[in-house]
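Below you'll find the structure, written out as structure tokens, and then a few comments.
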Amino acid sequence: MSRYLVFVSLVLLIDGCTPDARLERVVRAVEREYADVHHMPIDSAASWLATGEPVLLDVREADEFAVSHLASAHHLPPGTVDLSPLDSLGRDTPIILYCAVGYRASDMARRLQALGFTNVHNMRGAIFQWANEDRPLVVDSVVHTYSAIWSRLVRPGKRAQ
């Protein structure tokens, strides 16, 4: 993950770009790093979630989840070692995962695939894109962004203070 953070830091240091453009560059880096994971476009994820069919997992830390999350999301911290609570799900259960930009969710998707889950998807753009597109969030309409550097991926007015 440290190699990824170095790359993201370099990408974010480039000025003159909008939050959406910066986020898109980071998302592409996630897709390259996790080419074995399906990255579902956010519109497709939103439509599918509206049916109530997929299980939605938020792969962020508790403080991030407490600020805001998607409706119906179940919290699954990224460092979770014991994934046995998911054993009650069928291995073909549709699962959509998200985090801030897609890195932690993609990592968890890879772990779930290794456990035999076959219908696992990272939501491309994650909660940062969801917020940037003014889609509904639970608790608050802003997102936890970690730091000033990460906040450059989120539009002003969508960043938690």
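Within each chain, counting starts at residue 1; across the structure tokens, chains are named A, B, ... in the order shown, with ligands numbered 1 upward in that order.
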
**Report entry** Residue contacts of range 73-90 of chain A (7 Å, only C-alpha atoms) excluding same-chain residues fewer than 2 positions away, as a PyMOL selection string
**Finding:** chain A and resi 56-62+69-71+92-93+104

Within 9 Å of range 137-151 of chain A, which residues of range 52-94 of chain A come that close, and what is the closest atom pair and distance in Å for each? Count only C-alpha atoms and give it as a tab-separated table.
residue	atom	partner	partner_atom	distance
A:Asp63	CA	A:His144	CA	7.9
A:Glu64	CA	A:His144	CA	5.2
A:Phe65	CA	A:His144	CA	8.1
A:Ala66	CA	A:Val139	CA	7.5
A:Val67	CA	A:His144	CA	6.2
A:Ser68	CA	A:Val139	CA	5.1
A:His69	CA	A:Val138	CA	5.3
A:Leu70	CA	A:Leu137	CA	5.0
A:Ala71	CA	A:Val138	CA	5.7
A:Ser72	CA	A:Val138	CA	9.0

I need the chosen residues saved as a PDB file, in the first residue's frame, with N, CA and C atoms.
ATOM      1  N   ASP A  63     -14.473   5.953  11.921  1.00  0.00           N
ATOM      2  CA  ASP A  63     -14.689   7.403  11.956  1.00  0.00           C
ATOM      3  C   ASP A  63     -15.167   7.929  10.606  1.00  0.00           C
ATOM      4  N   GLU A  64     -14.731   7.323   9.528  1.00  0.00           N
ATOM      5  CA  GLU A  64     -15.207   7.717   8.198  1.00  0.00           C
ATOM      6  C   GLU A  64     -16.680   7.342   8.037  1.00  0.00           C
ATOM      7  N   PHE A  65     -17.004   6.111   8.422  1.00  0.00           N
ATOM      8  CA  PHE A  65     -18.375   5.607   8.316  1.00  0.00           C
ATOM      9  C   PHE A  65     -19.325   6.466   9.146  1.00  0.00           C
ATOM     10  N   ALA A  66     -18.869   6.920  10.316  1.00  0.00           N
ATOM     11  CA  ALA A  66     -19.710   7.718  11.207  1.00  0.00           C
ATOM     12  C   ALA A  66     -20.077   9.066  10.600  1.00  0.00           C
ATOM     13  N   VAL A  67     -19.203   9.633   9.776  1.00  0.00           N
ATOM     14  CA  VAL A  67     -19.492  10.929   9.148  1.00  0.00           C
ATOM     15  C   VAL A  67     -20.597  10.776   8.115  1.00  0.00           C
ATOM     16  N   SER A  68     -20.458   9.793   7.245  1.00  0.00           N
ATOM     17  CA  SER A  68     -21.478   9.529   6.229  1.00  0.00           C
ATOM     18  C   SER A  68     -21.193   8.195   5.564  1.00  0.00           C
ATOM     19  N   HIS A  69     -22.234   7.630   4.987  1.00  0.00           N
ATOM     20  CA  HIS A  69     -22.118   6.392   4.225  1.00  0.00           C
ATOM     21  C   HIS A  69     -23.338   6.262   3.330  1.00  0.00           C
ATOM     22  N   LEU A  70     -23.309   5.298   2.449  1.00  0.00           N
ATOM     23  CA  LEU A  70     -24.439   5.048   1.568  1.00  0.00           C
ATOM     24  C   LEU A  70     -25.527   4.313   2.341  1.00  0.00           C
ATOM     25  N   ALA A  71     -26.783   4.592   1.989  1.00  0.00           N
ATOM     26  CA  ALA A  71     -27.905   3.901   2.619  1.00  0.00           C
ATOM     27  C   ALA A  71     -27.751   2.402   2.401  1.00  0.00           C
ATOM     28  N   SER A  72     -28.091   1.640   3.383  1.00  0.00           N
ATOM     29  CA  SER A  72     -28.053   0.167   3.393  1.00  0.00           C
ATOM     30  C   SER A  72     -26.643  -0.410   3.492  1.00  0.00           C
TER      31      SER A  72
END

Requested in this report: In Å, rounded to a single decimal, give me how far CA of Ala45 in chain A is from CA of Cys17 in chain A.
Outcome: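 Distance reported for this atom pair: 26.2 Å.
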
Requested in this report: Identify, with DSSP run on backbone atoms, the residues in range 16-131 of chain A assigned to alpha helix (DSSP H), and express the list as an MDAnalysis selection string.
Outcome: chainID A and resid 19:33 42:50 62:67 103:114 126:131

Output the selection as a tab-separated table (two decimals), in the first residue's frame - C-alpha atoms for each residue.
chain	number	residue	atom	x	y	z
A	19	PRO	CA	-11.32	17.38	-7.93
A	20	ASP	CA	-13.12	15.18	-10.47
A	21	ALA	CA	-10.05	15.01	-12.74
A	22	ARG	CA	-7.74	14.25	-9.81
A	23	LEU	CA	-10.09	11.55	-8.57
A	24	GLU	CA	-10.30	10.00	-12.04
A	25	ARG	CA	-6.51	9.67	-12.16
A	26	VAL	CA	-6.48	7.95	-8.78
A	27	VAL	CA	-9.33	5.65	-9.83
A	28	ARG	CA	-7.41	4.62	-12.94
A	29	ALA	CA	-4.39	3.81	-10.78
A	30	VAL	CA	-6.60	1.63	-8.57
A	31	GLU	CA	-7.94	-0.16	-11.64
A	32	ARG	CA	-4.40	-0.87	-12.84
A	33	GLU	CA	-3.32	-2.12	-9.42
A	42	ILE	CA	-21.15	4.22	-10.24
A	43	ASP	CA	-24.34	4.60	-12.31
A	44	SER	CA	-24.61	0.82	-12.66
A	45	ALA	CA	-23.97	0.35	-8.95
A	46	ALA	CA	-26.62	2.94	-8.04
A	47	SER	CA	-29.20	1.29	-10.30
A	48	TRP	CA	-28.44	-2.16	-8.94
A	49	LEU	CA	-28.50	-0.95	-5.33
A	50	ALA	CA	-31.95	0.54	-5.96
A	62	ALA	CA	-15.27	3.63	11.77
A	63	ASP	CA	-14.69	7.40	11.96
A	64	GLU	CA	-15.21	7.72	8.20
A	65	PHE	CA	-18.37	5.61	8.32
A	66	ALA	CA	-19.71	7.72	11.21
A	67	VAL	CA	-19.49	10.93	9.15
A	103	TYR	CA	-8.17	1.05	-3.04
A	104	ARG	CA	-9.32	-0.55	0.23
A	105	ALA	CA	-12.53	-1.85	-1.35
A	106	SER	CA	-10.57	-3.43	-4.21
A	107	ASP	CA	-8.22	-5.04	-1.73
A	108	MET	CA	-11.20	-6.47	0.18
A	109	ALA	CA	-12.79	-7.60	-3.10
A	110	ARG	CA	-9.61	-9.51	-3.90
A	111	ARG	CA	-9.71	-11.12	-0.46
A	112	LEU	CA	-13.36	-12.11	-0.91
A	113	GLN	CA	-12.60	-13.57	-4.33
A	114	ALA	CA	-9.83	-15.65	-2.75
A	126	ALA	CA	-16.20	5.08	-4.41
A	127	ILE	CA	-17.81	7.46	-1.93
A	128	PHE	CA	-15.75	10.44	-3.14
A	129	GLN	CA	-17.33	10.24	-6.59
A	130	TRP	CA	-20.73	9.45	-5.06
A	131	ALA	CA	-20.50	12.68	-3.04

Query raised in the report: For Asn132 in chain A, which residue among A:Gly52, A:Leu97, A:Thr18, A:Pro41 is the nearest when counting only C-alpha atoms?
Result: A:Thr18

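Here CA of Glu53 in chain A is placed at a distance of 12.8 Å from CA of Val120 in chain A.
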
**Report entry** Interatomic distance, CA of Pro156 in chain A to CA of His39 in chain A (Å, one decimal)
**Finding:**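 Straight-line distance from CA of Pro156 in chain A to CA of His39 in chain A works out to 25.7 Å.
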
**Report entry** strand (DSSP E or B) residues, from DSSP on the backbone, in range 15-158 of chain A, as JSON, numbers by chain
**Finding:** {"A": [38, 39, 40, 55, 56, 57, 58, 69, 74, 75, 95, 96, 97, 98, 120, 121, 122, 123, 138, 143]}
